[in-house]
>>> print(open('upload.tsv').read())   # TSV, C-alpha atoms
chain	number	residue	atom	x	y	z
K	202	MET	CA	0.00	0.00	0.00
K	203	VAL	CA	2.06	2.84	-1.35
K	204	SER	CA	0.40	5.49	0.81
K	205	ARG	CA	0.74	3.64	4.15
K	206	THR	CA	3.57	2.83	6.51
K	207	THR	CA	4.57	-0.76	7.23
K	208	ASP	CA	2.86	-0.38	10.62
K	209	ASP	CA	-0.32	-1.09	8.71
K	210	TYR	CA	1.07	-4.27	7.14
K	211	GLN	CA	2.03	-5.50	10.59
K	212	ALA	CA	-1.36	-4.64	12.04
K	213	MET	CA	-3.16	-6.40	9.17
K	214	VAL	CA	-1.14	-9.58	9.65
K	215	LEU	CA	-1.72	-9.54	13.40
K	216	ALA	CA	-5.46	-9.14	12.73
K	217	GLY	CA	-5.46	-12.25	10.53
K	218	CYS	CA	-5.28	-10.80	7.03
K	219	ARG	CA	-3.89	-13.41	4.63
K	220	ALA	CA	-3.21	-11.20	1.59
K	221	VAL	CA	-3.55	-7.64	0.36
K	222	CYS	CA	-4.67	-6.45	-3.08
K	223	GLU	CA	-3.69	-2.99	-4.25
K	224	PRO	CA	-5.26	-1.50	-7.35
K	225	ALA	CA	-3.62	1.30	-9.29
K	226	PHE	CA	-5.30	4.48	-8.05
K	227	TRP	CA	-5.10	8.23	-8.00
K	228	ALA	CA	-2.12	9.62	-6.08
K	229	GLY	CA	-3.98	12.74	-4.95
K	230	PHE	CA	-2.57	14.67	-7.90
K	231	ASP	CA	-2.48	14.05	-11.65
K	232	ARG	CA	0.68	12.34	-12.79
K	233	ALA	CA	2.36	14.35	-15.53
K	234	SER	CA	3.54	11.63	-17.90
K	235	ALA	CA	3.32	8.01	-18.91
K	236	GLU	CA	6.80	7.51	-17.47
K	237	GLY	CA	5.39	8.54	-14.10
K	238	PHE	CA	2.95	5.68	-14.45
K	239	ARG	CA	5.74	3.33	-15.45
K	240	ASP	CA	7.49	4.15	-12.17
K	241	TYR	CA	4.22	3.69	-10.30
K	242	PHE	CA	3.60	0.29	-11.88
K	243	ALA	CA	7.13	-0.74	-10.94
K	244	GLN	CA	6.39	0.36	-7.39
K	245	LEU	CA	3.20	-1.75	-7.33
K	246	THR	CA	4.85	-4.85	-8.80
K	247	GLU	CA	8.33	-4.75	-7.24
K	248	HIS	CA	8.68	-2.46	-4.23
K	249	GLU	CA	5.33	-2.97	-2.50
K	250	PRO	CA	5.40	-6.80	-2.63
K	251	ALA	CA	8.88	-6.67	-1.08
K	252	ARG	CA	7.72	-4.28	1.63
K	253	ALA	CA	4.71	-6.49	2.45
K	254	ALA	CA	6.81	-9.65	2.37
K	255	LYS	CA	8.79	-8.41	5.38
K	256	TYR	CA	5.57	-9.02	7.32
K	257	LEU	CA	4.81	-12.30	5.51
K	258	LEU	CA	1.85	-10.69	3.74
K	259	PRO	CA	1.35	-11.68	0.07
K	260	HIS	CA	0.79	-8.54	-2.00
K	261	PHE	CA	-1.12	-8.45	-5.27
K	262	SER	CA	-1.78	-5.54	-7.59
K	263	TRP	CA	-3.97	-4.33	-10.44
K	264	LEU	CA	-2.96	-1.93	-13.20
K	265	CYS	CA	-4.68	0.93	-15.00
K	266	ILE	CA	-4.92	4.68	-15.34
K	267	ASN	CA	-7.41	5.76	-12.69
K	268	PRO	CA	-10.74	7.33	-13.74
K	269	LYS	CA	-9.78	10.60	-12.03
K	270	GLU	CA	-6.92	10.93	-14.53
K	271	SER	CA	-8.93	9.91	-17.57
K	272	GLU	CA	-9.86	13.34	-18.93
K	273	ASN	CA	-6.47	13.47	-20.70
K	274	LEU	CA	-7.03	11.05	-23.58
K	275	VAL	CA	-3.48	11.36	-24.96
K	276	LEU	CA	-1.94	10.45	-21.60
K	277	ALA	CA	-4.47	7.66	-21.14
K	278	ASP	CA	-3.53	6.09	-24.47
K	279	GLU	CA	0.16	6.28	-23.59
K	280	VAL	CA	-0.42	4.60	-20.23
K	281	LEU	CA	-2.62	1.91	-21.76
K	282	SER	CA	0.18	1.10	-24.18
K	283	ILE	CA	2.67	0.36	-21.39
K	284	ILE	CA	0.35	-1.74	-19.17
K	285	PRO	CA	0.95	-4.98	-21.13
K	286	GLU	CA	4.65	-4.80	-20.18
K	287	PHE	CA	3.64	-5.45	-16.58
K	288	LEU	CA	0.83	-8.01	-16.94
K	289	GLY	CA	3.24	-10.92	-16.64
K	290	ARG	CA	4.64	-9.73	-13.30
K	291	PRO	CA	3.97	-12.42	-10.66
K	292	ASN	CA	1.72	-10.31	-8.41
K	293	VAL	CA	-0.50	-8.76	-11.12
K	294	LEU	CA	-4.11	-9.98	-11.00
K	295	GLY	CA	-5.68	-7.89	-13.73
K	296	ILE	CA	-6.90	-4.48	-14.86
K	297	GLY	CA	-8.12	-2.13	-12.16
K	298	GLU	CA	-9.42	-0.18	-10.61
K	299	ILE	CA	-11.03	1.13	-13.75
K	300	GLY	CA	-14.45	2.72	-14.05
K	301	LEU	CA	-15.82	6.22	-13.80
K	302	ASN	CA	-15.40	9.22	-11.51
K	303	ARG	CA	-17.67	12.08	-12.66
K	304	ASN	CA	-19.26	10.14	-15.54
K	305	SER	CA	-17.70	12.18	-18.34
K	306	ARG	CA	-17.43	11.17	-21.99
K	307	ASN	CA	-13.64	10.92	-21.78
K	308	GLU	CA	-13.87	8.73	-18.70
K	309	VAL	CA	-16.25	6.41	-20.54
K	310	ALA	CA	-13.91	6.27	-23.53
K	311	VAL	CA	-10.90	5.37	-21.38
K	312	PHE	CA	-12.97	2.82	-19.46
K	313	GLU	CA	-13.96	1.14	-22.71
K	314	LYS	CA	-10.30	0.97	-23.77
K	315	HIS	CA	-9.39	-0.69	-20.48
K	316	VAL	CA	-12.17	-3.24	-20.93
K	317	ASP	CA	-10.85	-4.00	-24.40
K	318	LEU	CA	-7.32	-4.36	-23.00
K	319	ALA	CA	-8.54	-6.76	-20.34
K	320	ALA	CA	-10.47	-8.82	-22.88
K	321	ARG	CA	-7.52	-9.05	-25.29
K	322	HIS	CA	-5.19	-10.19	-22.50
K	323	SER	CA	-7.74	-12.39	-20.64
K	324	GLN	CA	-7.39	-10.37	-17.45
K	325	LEU	CA	-9.68	-10.10	-14.45
K	326	ILE	CA	-11.34	-6.71	-14.07
K	327	LEU	CA	-11.74	-4.62	-10.90
K	328	ILE	CA	-14.11	-1.69	-11.20
K	329	HIS	CA	-14.44	1.52	-9.18
K	330	THR	CA	-17.96	2.93	-9.13
K	331	PRO	CA	-18.23	6.69	-8.60
K	332	HIS	CA	-18.76	8.44	-5.31
K	333	LEU	CA	-21.86	9.98	-3.79
K	334	GLU	CA	-24.43	11.41	-6.23
K	335	ASP	CA	-22.54	9.99	-9.22
K	336	LYS	CA	-22.60	6.35	-8.14
K	337	ARG	CA	-25.96	5.18	-9.47
K	338	LYS	CA	-25.56	6.85	-12.85
K	339	GLY	CA	-21.97	5.65	-13.21
K	340	THR	CA	-22.81	2.09	-12.23
K	341	ARG	CA	-25.52	1.97	-14.88
K	342	ILE	CA	-23.14	3.25	-17.58
K	343	ILE	CA	-20.44	0.80	-16.48
K	344	LEU	CA	-22.80	-2.17	-16.57
K	345	ASP	CA	-24.05	-1.15	-20.02
K	346	VAL	CA	-20.48	-1.05	-21.36
K	347	LEU	CA	-19.67	-4.45	-19.88
K	348	LYS	CA	-22.87	-6.10	-21.02
K	349	ASN	CA	-22.34	-4.80	-24.55
K	350	ASP	CA	-18.96	-6.55	-24.81
K	351	THR	CA	-19.60	-10.25	-25.43
K	352	ARG	CA	-15.99	-11.09	-24.58
K	353	ILE	CA	-16.57	-10.12	-20.94
K	354	ASP	CA	-17.49	-12.90	-18.50
K	355	PRO	CA	-19.38	-11.29	-15.57
K	356	GLY	CA	-17.90	-13.91	-13.26
K	357	ARG	CA	-14.46	-12.39	-13.87
K	358	VAL	CA	-15.49	-8.84	-13.00
K	359	LEU	CA	-15.70	-7.29	-9.53
K	360	VAL	CA	-17.83	-4.14	-9.40
K	361	ASP	CA	-16.61	-2.48	-6.24
K	362	HIS	CA	-18.01	0.05	-3.79
K	363	VAL	CA	-21.63	-1.07	-4.18
K	364	GLU	CA	-24.20	0.51	-1.88
K	365	GLU	CA	-27.87	-0.09	-1.21
K	366	HIS	CA	-29.00	1.55	-4.46
K	367	THR	CA	-26.53	-0.26	-6.73
K	368	VAL	CA	-25.94	-3.70	-5.24
K	369	GLY	CA	-29.07	-5.19	-6.77
K	370	MET	CA	-28.34	-4.08	-10.33
K	371	VAL	CA	-24.76	-5.40	-10.10
K	372	LEU	CA	-25.73	-8.82	-8.76
K	373	ASP	CA	-28.74	-9.16	-11.08
K	374	ALA	CA	-26.41	-8.69	-14.04
K	375	GLY	CA	-24.23	-11.57	-12.84
K	376	PHE	CA	-21.19	-9.59	-11.70
K	377	TRP	CA	-19.37	-9.87	-8.41
K	378	GLY	CA	-20.11	-7.05	-5.98
K	379	GLY	CA	-17.59	-5.51	-3.60
K	380	ILE	CA	-18.75	-3.70	-0.47
K	381	THR	CA	-16.09	-1.20	0.58
K	382	LEU	CA	-15.74	-0.13	4.18
K	383	TYR	CA	-14.69	3.51	4.16
K	384	PRO	CA	-15.86	6.58	6.07
K	385	GLU	CA	-18.23	9.12	4.51
K	386	SER	CA	-18.06	8.31	0.81
K	387	LYS	CA	-18.73	4.57	1.02
K	388	CYS	CA	-20.07	2.09	3.61
K	389	THR	CA	-20.16	1.52	7.37
K	390	PRO	CA	-19.81	-1.95	8.90
K	391	ALA	CA	-23.46	-2.04	9.94
K	392	ARG	CA	-24.73	-1.13	6.46
K	393	ALA	CA	-22.35	-3.61	4.87
K	394	ILE	CA	-23.71	-6.41	7.02
K	395	ASP	CA	-27.28	-5.33	6.24
K	396	MET	CA	-26.55	-5.71	2.51
K	397	ILE	CA	-24.86	-9.06	3.05
K	398	GLU	CA	-27.86	-10.35	5.03
K	399	ARG	CA	-30.30	-9.15	2.37
K	400	HIS	CA	-28.28	-10.73	-0.46
K	401	SER	CA	-27.23	-13.89	1.34
K	402	GLY	CA	-25.41	-16.41	-0.84
K	403	SER	CA	-24.63	-13.92	-3.55
K	404	ASN	CA	-21.25	-13.21	-5.13
K	405	LEU	CA	-20.38	-10.52	-2.62
K	406	TRP	CA	-17.32	-9.72	-0.60
K	407	MET	CA	-16.11	-6.95	1.66
K	408	ASN	CA	-12.98	-4.89	1.39
K	409	CYS	CA	-11.56	-1.73	2.83
K	410	ALA	CA	-9.71	1.13	1.23
K	411	CYS	CA	-6.33	2.02	2.67
K	412	ASP	CA	-5.22	5.18	1.00
K	413	TRP	CA	-3.76	8.57	1.80
K	414	GLY	CA	-7.04	9.89	3.21
K	415	HIS	CA	-9.09	8.96	6.26
K	416	SER	CA	-9.26	5.16	6.02
K	417	ASP	CA	-8.81	2.06	8.18
K	418	PRO	CA	-6.82	-0.99	7.02
K	419	LEU	CA	-8.46	-3.03	9.76
K	420	ALA	CA	-12.03	-2.25	8.73
K	421	VAL	CA	-12.64	-5.79	7.49
K	422	PRO	CA	-11.52	-7.56	10.71
K	423	LYS	CA	-13.56	-5.03	12.72
K	424	THR	CA	-16.60	-5.79	10.58
K	425	CYS	CA	-16.07	-9.49	11.19
K	426	LEU	CA	-16.38	-8.75	14.90
K	427	GLU	CA	-19.57	-6.82	14.18
K	428	MET	CA	-20.91	-9.84	12.28
K	429	ARG	CA	-20.21	-12.07	15.28
K	430	ARG	CA	-22.10	-9.62	17.49
K	431	ARG	CA	-25.05	-10.09	15.16
K	432	GLY	CA	-24.85	-13.83	15.50
K	433	HIS	CA	-23.13	-14.79	12.26
K	434	GLY	CA	-21.05	-17.95	12.56
K	435	ALA	CA	-17.39	-18.42	11.79
K	436	GLU	CA	-18.10	-20.30	8.57
K	437	SER	CA	-20.33	-17.65	7.05
K	438	ILE	CA	-17.85	-14.94	7.98
K	439	ASP	CA	-14.98	-16.94	6.49
K	440	ARG	CA	-16.98	-17.45	3.32
K	441	LEU	CA	-17.49	-13.72	2.99
K	442	VAL	CA	-13.99	-12.45	3.79
K	443	PHE	CA	-11.79	-15.30	2.62
K	444	GLN	CA	-13.48	-17.95	0.49
K	445	ASN	CA	-15.39	-15.57	-1.77
K	446	PRO	CA	-12.38	-13.31	-2.48
K	447	SER	CA	-10.20	-16.39	-2.97
K	448	ARG	CA	-12.71	-17.86	-5.39
K	449	PHE	CA	-12.81	-14.69	-7.48
K	450	LEU	CA	-9.10	-13.85	-7.33
K	451	GLY	CA	-8.10	-17.47	-7.85
K	452	GLN	CA	-9.27	-17.11	-11.43
K	453	SER	CA	-5.95	-15.35	-11.99
K	454	PRO	CA	-3.01	-17.75	-12.34
K	455	HIS	CA	-0.95	-15.31	-10.27
K	456	PHE	CA	-3.09	-15.57	-7.14
K	457	SER	CA	-2.23	-17.92	-4.31
K	458	VAL	CA	-2.28	-17.67	-0.54
K	459	PRO	CA	-0.09	-19.92	1.59
K	460	ALA	CA	-1.99	-22.40	3.72
N	125	MET	CA	-31.95	-11.03	15.28
N	126	SER	CA	-35.06	-9.90	17.15
N	127	CYS	CA	-36.19	-6.28	17.26
N	128	SER	CA	-34.94	-5.89	20.82
N	129	GLN	CA	-31.55	-7.35	19.87
N	130	VAL	CA	-31.20	-4.87	17.00
N	131	LEU	CA	-32.17	-2.03	19.31
N	132	ASP	CA	-29.77	-3.21	22.00
N	133	LEU	CA	-26.93	-3.13	19.48
N	134	TYR	CA	-27.72	-0.01	17.47
N	135	PHE	CA	-30.18	2.31	19.21
N	136	ILE	CA	-27.62	4.42	21.08
N	137	ASP	CA	-25.49	4.85	17.94
N	138	ALA	CA	-28.51	5.77	15.80
N	139	ARG	CA	-29.74	8.18	18.50
N	140	SER	CA	-26.36	9.89	18.48
N	141	LYS	CA	-26.42	10.23	14.69
N	142	LEU	CA	-29.96	11.63	14.78
N	143	ILE	CA	-28.88	14.29	17.27
N	144	ASP	CA	-25.93	15.09	14.98
N	145	VAL	CA	-28.39	15.59	12.10
N	146	ALA	CA	-30.58	17.82	14.25
N	147	ALA	CA	-27.55	19.86	15.34
N	148	PHE	CA	-26.45	20.18	11.72
N	149	LEU	CA	-29.87	21.58	10.76
N	150	ASP	CA	-29.71	24.02	13.66
N	151	ARG	CA	-26.23	25.09	12.56
N	152	VAL	CA	-27.40	25.76	9.02
N	153	GLU	CA	-30.43	27.67	10.29
N	154	ARG	CA	-28.21	29.89	12.45
N	155	THR	CA	-26.43	31.04	9.30
N	156	GLY	CA	-29.70	32.59	8.20
N	157	GLY	CA	-29.85	30.92	4.81
N	158	ASP	CA	-30.17	27.42	3.42
N	159	ASP	CA	-30.96	28.00	-0.25
N	160	ASP	CA	-28.43	25.50	-1.51
N	161	PHE	CA	-29.00	22.48	-3.73
N	162	ARG	CA	-27.45	20.29	-1.06
N	163	MET	CA	-29.93	21.43	1.58
N	164	ARG	CA	-32.84	20.99	-0.80
N	165	ALA	CA	-31.65	17.44	-1.41
N	166	PHE	CA	-31.11	16.91	2.30
N	167	ARG	CA	-34.68	17.95	3.09
N	168	ASP	CA	-35.96	15.60	0.37
N	169	ALA	CA	-33.89	12.81	1.88
N	170	LEU	CA	-35.38	13.47	5.30
N	171	GLY	CA	-38.76	12.96	3.70
N	172	ALA	CA	-37.62	9.61	2.31
N	173	LEU	CA	-36.42	8.69	5.77
N	174	GLY	CA	-39.85	9.19	7.28
N	175	ALA	CA	-41.82	7.27	4.67
N	176	GLU	CA	-43.61	4.24	6.09
N	177	GLY	CA	-44.36	0.98	4.34
N	178	GLY	CA	-41.33	1.18	2.10
N	179	GLY	CA	-40.24	-2.43	2.47
N	180	ALA	CA	-37.22	-1.51	4.59
N	181	ARG	CA	-35.66	0.47	1.75
N	182	ARG	CA	-35.02	3.78	3.49
N	183	ALA	CA	-31.23	3.66	3.01
N	184	GLU	CA	-31.70	2.92	-0.69
N	185	ASN	CA	-34.32	5.67	-1.05
N	186	VAL	CA	-32.15	8.24	0.73
N	187	LEU	CA	-29.26	7.40	-1.61
N	188	LEU	CA	-31.58	7.68	-4.60
N	189	THR	CA	-32.74	11.10	-3.39
N	190	PHE	CA	-29.17	12.38	-3.54
N	191	SER	CA	-28.38	10.64	-6.85
N	192	ASP	CA	-28.04	11.99	-10.36
N	193	PRO	CA	-30.98	10.42	-12.21
N	194	THR	CA	-29.73	11.16	-15.73
N	195	ARG	CA	-28.32	8.50	-18.04
N	196	GLU	CA	-26.00	10.30	-20.49
N	197	PRO	CA	-22.32	10.99	-19.72
N	198	VAL	CA	-21.45	14.63	-19.10
N	199	GLU	CA	-19.30	16.47	-21.61
N	200	ARG	CA	-16.41	17.09	-19.20
N	201	ALA	CA	-15.69	16.13	-15.61
N	202	GLY	CA	-16.53	19.12	-13.39
N	203	GLY	CA	-13.62	18.74	-11.00
N	204	LYS	CA	-12.36	15.62	-9.25
N	205	ALA	CA	-14.77	15.36	-6.34
N	206	ALA	CA	-18.51	14.80	-6.14
N	207	SER	CA	-20.51	17.13	-3.91
N	208	GLY	CA	-22.91	14.71	-2.26
N	209	ALA	CA	-26.09	15.79	-4.02
N	210	TRP	CA	-27.20	16.26	-7.62
N	211	ARG	CA	-27.26	19.91	-8.69
N	212	GLY	CA	-30.01	19.35	-11.21
N	213	GLU	CA	-30.18	19.66	-14.96
N	214	ALA	CA	-28.17	22.88	-14.94
N	215	GLU	CA	-25.01	20.93	-14.01
>>> encode(input="upload.tsv", output="structure tokens")
Amino acid sequence: MVSRTTDDYQAMVLAGCRAVCEPAFWAGFDRASAEGFRDYFAQLTEHEPARAAKYLLPHFSWLCINPKESENLVLADEVLSIIPEFLGRPNVLGIGEIGLNRNSRNEVAVFEKHVDLAARHSQLILIHTPHLEDKRKGTRIILDVLKNDTRIDPGRVLVDHVEEHTVGMVLDAGFWGGITLYPESKCTPARAIDMIERHSGSNLWMNCACDWGHSDPLAVPKTCLEMRRRGHGAESIDRLVFQNPSRFLGQSPHFSVPA
Amino acid sequence: MSCSQVLDLYFIDARSKLIDVAAFLDRVERTGGDDDFRMRAFRDALGALGAEGGGARRAENVLLTFSDPTREPVERAGGKAASGAWRGEAE
């Protein structure tokens, strides 16, 4: 996790986390060149796995140009052209987190190019759905793009950051849904568990965002405790936070977690 | 879980959040003006909160109240961050 200290890796391992996945995301500023992205991808595929390995935590990554940086179509095309160089790295699981931010035409165009890249290289796809008032509209546009590409297998796509008004449309279309635990712009533990109870048995899993803003790398273990308070058993919790993610991520030949 | 179990777990937290909402409304009122698209959306969302017989869909309905209902992409991204409520067709 490029924006966190190794204290967080240690805390995650002590809390029982078995692996960490880190998608390419916005740094808080717009990178100025494709070479900046090349350095970033090297950081995700070389430096971060080594940093996590000091705490015995397997580290996996996803590659893309983030939706927040997708207004610049020239830069986006340059970054897309270098992504294939990194797809064979041993910790790369696929293309992500792609999607939309403010639902602009350029963002849609860059999203479509990422989907094409993923299809041509048989990669898993991790999708960011927009924040706040943009989420419902963006999720609809995203699902339309995916459903219109016959090469895309919904079972190999995780549509992340679902909330109460988008989870149904994602699951009904056959995609995996990710519930992200994150203050203010995404979901609380209690709401996450409500959605899980209402969509029991579905292709859902929980995750938390650990970035440079207000976020908690232990949000998933804390939510597991909340589930136990509600009477959920160890097996159902394990299915949600370990078996389901493993089942989805295991579709990549690069994913494995030591026993 | 039974109703009393849910209340035992969550009533105090929900009560605290409700007081926070009330204090927020008081704070806005003390400024003397609340003619802002966000406050209009907030008042609409409060209405969705109070609706009975909704099939336990208040959270979904509140989110829908704040959401952009349009279907077409916008011409250009208006900044990096969303504001929390849809401004309306003029956006």
>>> closest_atom_pairs(input="upload.tsv", of="chain K", to="chain N", cutoff="9 Å", atoms="only C-alpha atoms", output="JSON lines")
{"residue": "K:Lys269", "atom": "CA", "partner": "N:Lys204", "partner_atom": "CA", "distance": 6.3}
{"residue": "K:Glu270", "atom": "CA", "partner": "N:Lys204", "partner_atom": "CA", "distance": 8.9}
{"residue": "K:Glu272", "atom": "CA", "partner": "N:Ala201", "partner_atom": "CA", "distance": 7.3}
{"residue": "K:Asn302", "atom": "CA", "partner": "N:Lys204", "partner_atom": "CA", "distance": 7.4}
{"residue": "K:Arg303", "atom": "CA", "partner": "N:Ala201", "partner_atom": "CA", "distance": 5.4}
{"residue": "K:Asn304", "atom": "CA", "partner": "N:Pro197", "partner_atom": "CA", "distance": 5.2}
{"residue": "K:Ser305", "atom": "CA", "partner": "N:Val198", "partner_atom": "CA", "distance": 4.5}
{"residue": "K:Arg306", "atom": "CA", "partner": "N:Pro197", "partner_atom": "CA", "distance": 5.4}
{"residue": "K:Asn307", "atom": "CA", "partner": "N:Arg200", "partner_atom": "CA", "distance": 7.2}
{"residue": "K:Glu308", "atom": "CA", "partner": "N:Ala201", "partner_atom": "CA", "distance": 8.2}
{"residue": "K:Val309", "atom": "CA", "partner": "N:Pro197", "partner_atom": "CA", "distance": 7.6}
{"residue": "K:Pro331", "atom": "CA", "partner": "N:Ala206", "partner_atom": "CA", "distance": 8.5}
{"residue": "K:His332", "atom": "CA", "partner": "N:Ala206", "partner_atom": "CA", "distance": 6.4}
{"residue": "K:Leu333", "atom": "CA", "partner": "N:Gly208", "partner_atom": "CA", "distance": 5.1}
{"residue": "K:Glu334", "atom": "CA", "partner": "N:Ser191", "partner_atom": "CA", "distance": 4.1}
{"residue": "K:Asp335", "atom": "CA", "partner": "N:Asp192", "partner_atom": "CA", "distance": 6.0}
{"residue": "K:Lys336", "atom": "CA", "partner": "N:Ser191", "partner_atom": "CA", "distance": 7.3}
{"residue": "K:Arg337", "atom": "CA", "partner": "N:Ser191", "partner_atom": "CA", "distance": 6.5}
{"residue": "K:Lys338", "atom": "CA", "partner": "N:Arg195", "partner_atom": "CA", "distance": 6.1}
{"residue": "K:Gly339", "atom": "CA", "partner": "N:Pro197", "partner_atom": "CA", "distance": 8.4}
{"residue": "K:Arg341", "atom": "CA", "partner": "N:Arg195", "partner_atom": "CA", "distance": 7.8}
{"residue": "K:Ile342", "atom": "CA", "partner": "N:Arg195", "partner_atom": "CA", "distance": 7.4}
{"residue": "K:Glu364", "atom": "CA", "partner": "N:Glu184", "partner_atom": "CA", "distance": 8.0}
{"residue": "K:Glu365", "atom": "CA", "partner": "N:Glu184", "partner_atom": "CA", "distance": 4.9}
{"residue": "K:His366", "atom": "CA", "partner": "N:Glu184", "partner_atom": "CA", "distance": 4.8}
{"residue": "K:Thr367", "atom": "CA", "partner": "N:Glu184", "partner_atom": "CA", "distance": 8.6}
{"residue": "K:Ser386", "atom": "CA", "partner": "N:Gly208", "partner_atom": "CA", "distance": 8.6}
{"residue": "K:Ala391", "atom": "CA", "partner": "N:Tyr134", "partner_atom": "CA", "distance": 8.9}
{"residue": "K:Arg392", "atom": "CA", "partner": "N:Ala183", "partner_atom": "CA", "distance": 8.8}
{"residue": "K:Arg430", "atom": "CA", "partner": "N:Leu133", "partner_atom": "CA", "distance": 8.3}
{"residue": "K:Arg431", "atom": "CA", "partner": "N:Met125", "partner_atom": "CA", "distance": 7.0}
{"residue": "K:Gly432", "atom": "CA", "partner": "N:Met125", "partner_atom": "CA", "distance": 7.6}
>>> closest_residue(input="upload.tsv", among="K:Leu405, K:Cys411, K:Val458, K:Met396", to="Thr206 of chain K", atoms="only C-alpha atoms")
K:Cys411
>>> closest_residue(input="upload.tsv", among="K:Glu398, K:Asp417, K:Asp209, K:Glu298", to="Val358 of chain K", atoms="all atoms listed in the file")
K:Glu298
>>> atom_distance(input="upload.tsv", atom1="atom CA of Val275 of chain K", atom2="atom CA of Arg357 of chain K")
28.4 Å
>>> atom_distance(input="upload.tsv", atom1="atom CA of Arg151 of chain N", atom2="atom CA of Glu176 of chain N")
27.9 Å
>>> atom_distance(input="upload.tsv", atom1="atom CA of Leu450 of chain K", atom2="atom CA of Ser271 of chain K")
25.9 Å
>>> axis_aligned_box(input="upload.tsv", around="segment 259-269 of chain K", padding_each_side="3 Å", output="AutoDock Vina command-line options")
--center_x -4.7 --center_y -0.5 --center_z -7.6 --size_x 18.1 --size_y 28.3 --size_z 21.4
>>> residues_near_point(input="upload.tsv", point="(-27.4, 26.0, -3.2)", cutoff="12 Å", atoms="all atoms listed in the file", output="count of residues only")
15
